[in-house]
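The structure file query_25.tsv is reproduced below (TSV, C-alpha atoms and all ligand atoms).
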chain	number	residue	atom	x	y	z
A	30	MET	CA	194.80	253.25	127.60
A	31	ILE	CA	196.52	255.71	125.26
A	32	VAL	CA	194.18	257.04	122.57
A	33	ALA	CA	195.47	259.27	119.78
A	34	LEU	CA	193.36	261.57	117.61
A	35	LEU	CA	195.31	261.81	114.38
A	36	ASN	CA	194.93	262.96	110.82
A	37	GLN	CA	197.41	264.68	108.53
A	38	LYS	CA	194.49	266.75	107.24
A	39	GLY	CA	194.00	269.95	109.23
A	40	GLY	CA	190.72	271.21	110.62
A	41	VAL	CA	188.97	267.84	110.90
A	42	GLY	CA	188.12	268.08	114.62
A	43	LYS	CA	191.16	266.49	116.31
A	44	THR	CA	191.40	269.16	119.04
A	45	THR	CA	187.65	269.37	119.60
A	46	LEU	CA	187.25	265.60	119.91
A	47	ALA	CA	190.37	265.18	122.07
A	48	LEU	CA	189.08	267.80	124.55
A	49	HIS	CA	185.59	266.28	124.64
A	50	LEU	CA	186.90	262.74	125.07
A	51	ALA	CA	189.25	263.81	127.89
A	52	GLY	CA	186.43	265.90	129.42
A	53	HIS	CA	184.04	262.94	129.31
A	54	TRP	CA	186.51	260.69	131.13
A	55	GLY	CA	187.39	263.52	133.53
A	56	ARG	CA	183.71	263.89	134.50
A	57	GLN	CA	183.67	260.15	135.23
A	58	ARG	CA	186.42	260.87	137.78
A	59	LYS	CA	189.05	259.05	135.74
A	60	ARG	CA	192.61	260.32	135.95
A	61	VAL	CA	193.17	261.75	132.48
A	62	THR	CA	196.17	263.42	130.85
A	63	LEU	CA	195.82	265.11	127.50
A	64	ILE	CA	199.06	265.34	125.54
A	65	ASP	CA	199.03	268.27	123.15
A	66	ALA	CA	201.38	267.04	120.43
A	67	ASP	CA	200.51	269.88	118.09
A	68	PRO	CA	202.99	272.81	118.06
A	69	GLN	CA	199.93	275.10	117.56
A	70	GLY	CA	199.17	274.33	121.24
A	71	SER	CA	195.38	274.75	120.96
A	72	ALA	CA	194.60	272.35	123.81
A	73	LEU	CA	197.13	274.14	126.02
A	74	ASP	CA	195.47	277.48	125.15
A	75	TRP	CA	192.08	276.00	126.03
A	76	SER	CA	193.39	274.72	129.35
A	77	GLU	CA	194.93	278.14	130.17
A	78	GLN	CA	191.64	279.88	129.39
A	79	ARG	CA	189.80	277.57	131.81
A	80	ALA	CA	192.37	278.14	134.55
A	81	TRP	CA	192.22	281.92	134.02
A	82	ARG	CA	188.41	281.84	134.36
A	83	ARG	CA	188.75	279.61	137.46
A	84	PHE	CA	186.73	276.76	135.95
A	85	ALA	CA	187.10	273.33	137.55
A	86	ARG	CA	190.09	271.34	136.30
A	87	LEU	CA	188.77	268.18	134.59
A	88	PHE	CA	192.12	266.83	133.40
A	89	GLY	CA	195.75	267.84	132.99
A	90	VAL	CA	197.13	269.08	129.68
A	91	VAL	CA	200.82	268.76	128.84
A	92	GLY	CA	202.56	270.05	125.73
A	93	LEU	CA	204.73	267.37	124.14
A	94	ALA	CA	205.20	268.23	120.49
A	95	ARG	CA	208.33	266.10	120.12
A	96	ASP	CA	209.02	263.02	118.03
A	97	THR	CA	210.21	261.22	121.19
A	98	LEU	CA	206.56	261.12	122.28
A	99	HIS	CA	206.37	257.33	122.00
A	100	ARG	CA	209.12	257.00	124.62
A	101	GLU	CA	207.63	259.59	127.00
A	102	ALA	CA	203.90	258.77	126.77
A	103	PRO	CA	204.07	255.38	128.56
A	104	GLU	CA	205.56	257.12	131.63
A	105	LEU	CA	202.66	259.60	131.70
A	106	ALA	CA	200.23	256.70	131.21
A	107	ARG	CA	201.48	255.02	134.41
A	108	ASP	CA	199.90	257.78	136.52
A	109	ALA	CA	196.67	258.03	134.52
A	110	ASP	CA	193.65	255.89	133.69
A	111	HIS	CA	193.60	257.35	130.20
A	112	VAL	CA	195.98	259.38	128.06
A	113	VAL	CA	194.55	261.27	125.08
A	114	ILE	CA	197.02	262.44	122.43
A	115	GLU	CA	195.99	265.31	120.22
A	116	GLY	CA	198.04	265.07	117.06
A	117	PRO	CA	199.34	267.74	114.71
A	118	PRO	CA	198.35	268.15	111.08
A	119	ARG	CA	201.04	267.45	108.46
A	120	ILE	CA	204.15	266.81	110.64
A	121	ALA	CA	204.92	263.19	109.73
A	122	ALA	CA	207.63	262.53	112.36
A	123	LEU	CA	205.35	263.63	115.19
A	124	LEU	CA	202.43	261.66	113.76
A	125	ARG	CA	204.53	258.51	113.56
A	126	SER	CA	205.69	258.96	117.14
A	127	ALA	CA	202.09	259.43	118.33
A	128	LEU	CA	201.08	256.31	116.37
A	129	LEU	CA	203.75	254.23	118.08
A	130	ALA	CA	202.66	255.52	121.50
A	131	ALA	CA	198.95	254.80	121.03
A	132	ASP	CA	196.92	251.72	121.93
A	133	ALA	CA	194.07	253.03	119.77
A	134	VAL	CA	193.99	255.64	117.02
A	135	LEU	CA	190.91	257.61	116.01
A	136	VAL	CA	191.09	259.31	112.61
A	137	PRO	CA	188.47	262.08	112.47
A	138	ALA	CA	187.40	263.17	109.00
A	139	GLN	CA	184.79	265.53	107.61
A	140	PRO	CA	182.39	263.84	105.15
A	141	SER	CA	184.08	265.25	102.03
A	142	PRO	CA	186.19	263.69	99.26
A	143	PHE	CA	189.15	265.88	100.26
A	144	ASP	CA	189.12	264.50	103.78
A	145	GLY	CA	188.68	260.97	102.43
A	146	TRP	CA	191.74	261.28	100.20
A	147	ALA	CA	193.85	262.86	102.93
A	148	SER	CA	192.77	260.18	105.41
A	149	ALA	CA	193.95	257.46	103.00
A	150	GLU	CA	197.43	258.96	103.38
A	151	MET	CA	196.99	258.70	107.16
A	152	LEU	CA	195.96	255.05	106.80
A	153	GLY	CA	199.22	254.39	104.93
A	154	LEU	CA	201.17	255.92	107.78
A	155	ILE	CA	199.30	253.77	110.33
A	156	ALA	CA	200.11	250.68	108.25
A	157	GLU	CA	203.78	251.60	108.11
A	158	ALA	CA	204.15	252.27	111.85
A	159	TRP	CA	202.03	249.28	112.79
A	160	ILE	CA	203.92	246.90	110.53
A	161	LYS	CA	207.28	248.18	111.77
A	162	THR	CA	206.20	247.44	115.35
A	163	LEU	CA	204.82	244.02	114.49
A	164	ASP	CA	207.89	243.07	112.47
A	165	HIS	CA	209.89	243.06	115.72
A	166	SER	CA	207.41	240.89	117.58
A	167	VAL	CA	207.12	238.17	114.90
A	168	SER	CA	210.82	237.32	114.89
A	169	THR	CA	210.25	234.36	117.20
A	170	ALA	CA	212.66	231.43	117.37
A	171	SER	CA	210.24	229.07	115.55
A	172	ALA	CA	209.70	231.53	112.67
A	173	SER	CA	213.41	232.13	112.21
A	174	ASP	CA	214.00	228.35	112.22
A	175	LEU	CA	211.45	227.96	109.45
A	176	TYR	CA	212.23	230.97	107.25
A	177	THR	CA	215.88	230.64	106.33
A	178	ALA	CA	215.62	231.84	102.71
A	179	SER	CA	214.73	235.37	101.64
A	180	LEU	CA	213.54	236.84	98.35
A	181	THR	CA	214.04	240.48	97.34
A	182	VAL	CA	212.18	242.18	94.48
A	183	ASP	CA	212.14	245.82	93.39
A	184	ILE	CA	208.66	247.29	93.13
A	185	THR	CA	207.19	250.76	92.67
A	186	PRO	CA	206.53	252.93	95.74
A	187	ALA	CA	202.82	252.99	94.78
A	188	LEU	CA	202.58	249.16	94.78
A	189	ARG	CA	204.48	249.01	98.06
A	190	GLY	CA	201.92	251.43	99.55
A	191	ARG	CA	198.97	249.34	98.26
A	192	ILE	CA	200.48	246.14	99.67
A	193	LYS	CA	201.02	247.73	103.10
A	194	ILE	CA	197.48	249.07	103.25
A	195	ALA	CA	196.04	245.69	102.12
A	196	ALA	CA	197.99	243.90	104.87
A	197	PHE	CA	196.87	246.44	107.45
A	198	GLN	CA	193.23	246.06	106.41
A	199	ARG	CA	193.54	242.27	106.70
A	200	GLY	CA	195.14	242.59	110.12
A	201	GLU	CA	198.41	240.84	109.24
A	202	THR	CA	201.99	241.77	108.48
A	203	VAL	CA	203.16	242.33	104.91
A	204	ALA	CA	205.54	239.36	105.29
A	205	ASP	CA	202.76	236.98	106.43
A	206	MET	CA	200.41	238.18	103.69
A	207	LEU	CA	203.03	237.73	100.95
A	208	ARG	CA	204.11	234.32	102.27
A	209	ALA	CA	200.48	233.12	102.10
A	210	LEU	CA	200.11	234.58	98.59
A	211	LEU	CA	203.28	232.89	97.31
A	212	THR	CA	202.35	229.58	98.96
A	213	ARG	CA	198.94	229.70	97.23
A	214	GLU	CA	200.46	230.68	93.88
A	215	PHE	CA	203.28	228.11	93.98
A	216	PRO	CA	201.88	225.06	95.79
A	217	ASP	CA	204.17	222.20	96.74
A	218	THR	CA	203.01	219.68	94.07
A	219	ASP	CA	205.75	217.05	94.31
A	220	GLY	CA	206.07	217.11	98.10
A	221	GLY	CA	209.73	218.15	97.89
A	222	ASN	CA	211.63	221.41	97.66
A	301	LIG	N1	181.56	267.95	115.47
A	301	LIG	C1	181.72	269.18	115.00
A	301	LIG	N2	180.70	269.86	114.47
A	301	LIG	C2	180.85	271.11	113.97
A	301	LIG	N3	182.02	271.78	113.96
A	301	LIG	C3	183.07	271.16	114.48
A	301	LIG	C4	183.00	269.82	115.02
A	301	LIG	N4	184.23	269.45	115.43
A	301	LIG	C5	185.02	270.51	115.18
A	301	LIG	N5	184.34	271.52	114.63
A	301	LIG	C6	184.89	272.82	114.19
A	301	LIG	O1	185.80	272.58	113.12
A	301	LIG	C7	186.94	273.43	113.23
A	301	LIG	C8	188.21	272.59	113.31
A	301	LIG	O2	188.18	271.83	114.50
A	301	LIG	P1	189.51	271.47	115.30
A	301	LIG	O3	190.31	272.70	115.58
A	301	LIG	O4	189.09	270.63	116.45
A	301	LIG	O5	190.24	270.60	114.19
A	301	LIG	P2	191.75	270.10	114.19
A	301	LIG	O6	191.76	268.84	113.37
A	301	LIG	O7	192.30	270.01	115.56
A	301	LIG	O8	192.46	271.28	113.39
A	301	LIG	P3	194.09	271.49	113.23
A	301	LIG	O9	194.52	270.45	112.26
A	301	LIG	O10	194.18	272.88	112.67
A	301	LIG	O11	194.70	271.34	114.58
A	301	LIG	C9	186.72	274.29	114.48
A	301	LIG	O12	186.18	275.53	114.07
A	301	LIG	C10	185.71	273.48	115.27
A	301	LIG	O13	184.92	274.33	116.09
A	302	MG	MG	194.07	270.86	116.39
Could I get this structure in the form of structure tokens?
Amino acid sequence: MIVALLNQKGGVGKTTLALHLAGHWGRQRKRVTLIDADPQGSALDWSEQRAWRRFARLFGVVGLARDTLHREAPELARDADHVVIEGPPRIAALLRSALLAADAVLVPAQPSPFDGWASAEMLGLIAEAWIKTLDHSVSTASASDLYTASLTVDITPALRGRIKIAAFQRGETVADMLRALLTREFPDTDGGN
């Protein structure tokens, strides 16, 4: 499994939790790789300190602060029971790449309004990456047979964001959510088109 610790907000505990999670699995004799996707390289520094002090190696740490992470992480995951990705604050391209690579995402946050607001931004990013991925998988033959007409409307970026987050929270794609909404709003009353 690939688990990513992500939040655009800095100083929320991403590095600390990533190291503890990897350490916990390492102590259970799982093969663990921690990907340090933060250019600050804190996890790499931590790993170097342990090696320098000749402490036992619990898991491997690799630095991969590149937005091609989602293409490289699966290869690392093949030789590991668990991969833990420690994400960077702020850098959207890297965050998106880590999101696409991950099977599960943990969003640490301090119990403060500032962290809450900043985490909402993170949630929007998850929705965007998640929906983009799902959009590819739903283009099945039966769906494309059924949906031959399309409808385009211009909306505000803020409304677009709210729609994406609502779909994410309901566990469906934006397209499926809007189709259900339009079908409810405009029911087929005469049985025809
Ligand atoms: N559970 C916790 N309880 C108390 N302090 C904590 C806890 N987790 C982390 N900290 C402290 O909070 C600070 C920030 O933690 P950490 O560096 O892990 O956050 P981060 O999200 O990785 O930060 P950055 O975005 O800068 O990479 C550190 O001083 C750390 O020791
Ligand atoms: Mg960090």
When distances are computed from all atoms listed in the file, which of A:Phe197, A:Tyr176, A:Trp75, A:Phe215 shows the smallest separation from ligand LIG 301 (chain A)?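 Using all atoms listed in the file, ligand LIG 301 (chain A) sits closest to A:Trp75.
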Could you report the residues within 9 Å of ligand MG 302 (chain A), using all atoms listed in the file, as an MDAnalysis selection string? chainID A and resid 39:45 47 65 67 69:72 115:118
Edge lengths and centre in Å to one decimal, as JSON, of the axis-aligned box that encloses all listed atoms of ligand LIG 301 (chain A) with 8 Å added on every side?
{"center_x": 187.7, "center_y": 271.7, "center_z": 114.4, "size_x": 30.0, "size_y": 23.6, "size_z": 20.2}
Find, counting only C-alpha atoms and all ligand atoms, the residue in A:Arg82, A:Arg95, A:His53, A:Arg119 that gets nearest to ligand LIG 301 (chain A).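 Closest to ligand LIG 301 (chain A) of all the choices is A:Arg119.
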Here atom CA of Phe88 of chain A and atom CA of Val61 of chain A stand apart by 5.3 Å
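Counting from atom CA of Gly92 of chain A, the distance to atom CA of Ala127 of chain A is 13.0 Å.
Candidate residues A:Leu152, A:Leu129, A:Leu63, A:Val203 were compared for distance to Val91 of chain A, and the nearest is A:Leu63, using all atoms listed in the file.
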Using only C-alpha atoms and all ligand atoms: which of A:Ala80, A:Leu180, A:Ala196, A:Ala138 has the shortest distance to ligand LIG 301 (chain A):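 For ligand LIG 301 (chain A), the nearest of the candidates is A:Ala138.
In this comparison, which uses all atoms listed in the file, the residue of A:Thr202, A:Thr212, A:Ser148, A:Thr177 approaching Leu135 of chain A most closely is A:Ser148.
Using only C-alpha atoms, the nearest neighbour of Ala66 of chain A within the list A:Ile31, A:Asp110, A:Leu188, A:Leu123 is A:Leu123.
Atom CA of Asp205 of chain A lies 28.6 Å from atom CA of Leu34 of chain A.
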Quick one: everything within 7 Å of Asp132 of chain A, counting all atoms listed in the file, minus sequence neighbours fewer than 2 positions away in the same chain. Send it as an MDAnalysis selection string. chainID A and resid 30:32 130 134
For His99 of chain A, find every residue with an atom within 12 Å (counting all atoms listed in the file), except residues of its own chain fewer than 3 positions away, and show them as a PyMOL selection string. chain A and resi 31+33+64+66+93-96+102-106+114+122-132+158+162
Neighbours of point (190.7, 265.7, 106.7) within 9 Å, using all atoms listed in the file, written as a list in words: Asn36, Gln37, Lys38, Gly39, Gly40, Val41, Gly42, Val136, Pro137, Ala138, Gln139, Pro140, Ser141, Pro142, Phe143, Asp144, Gly145, Trp146, Ala147 and Ser148 of chain A
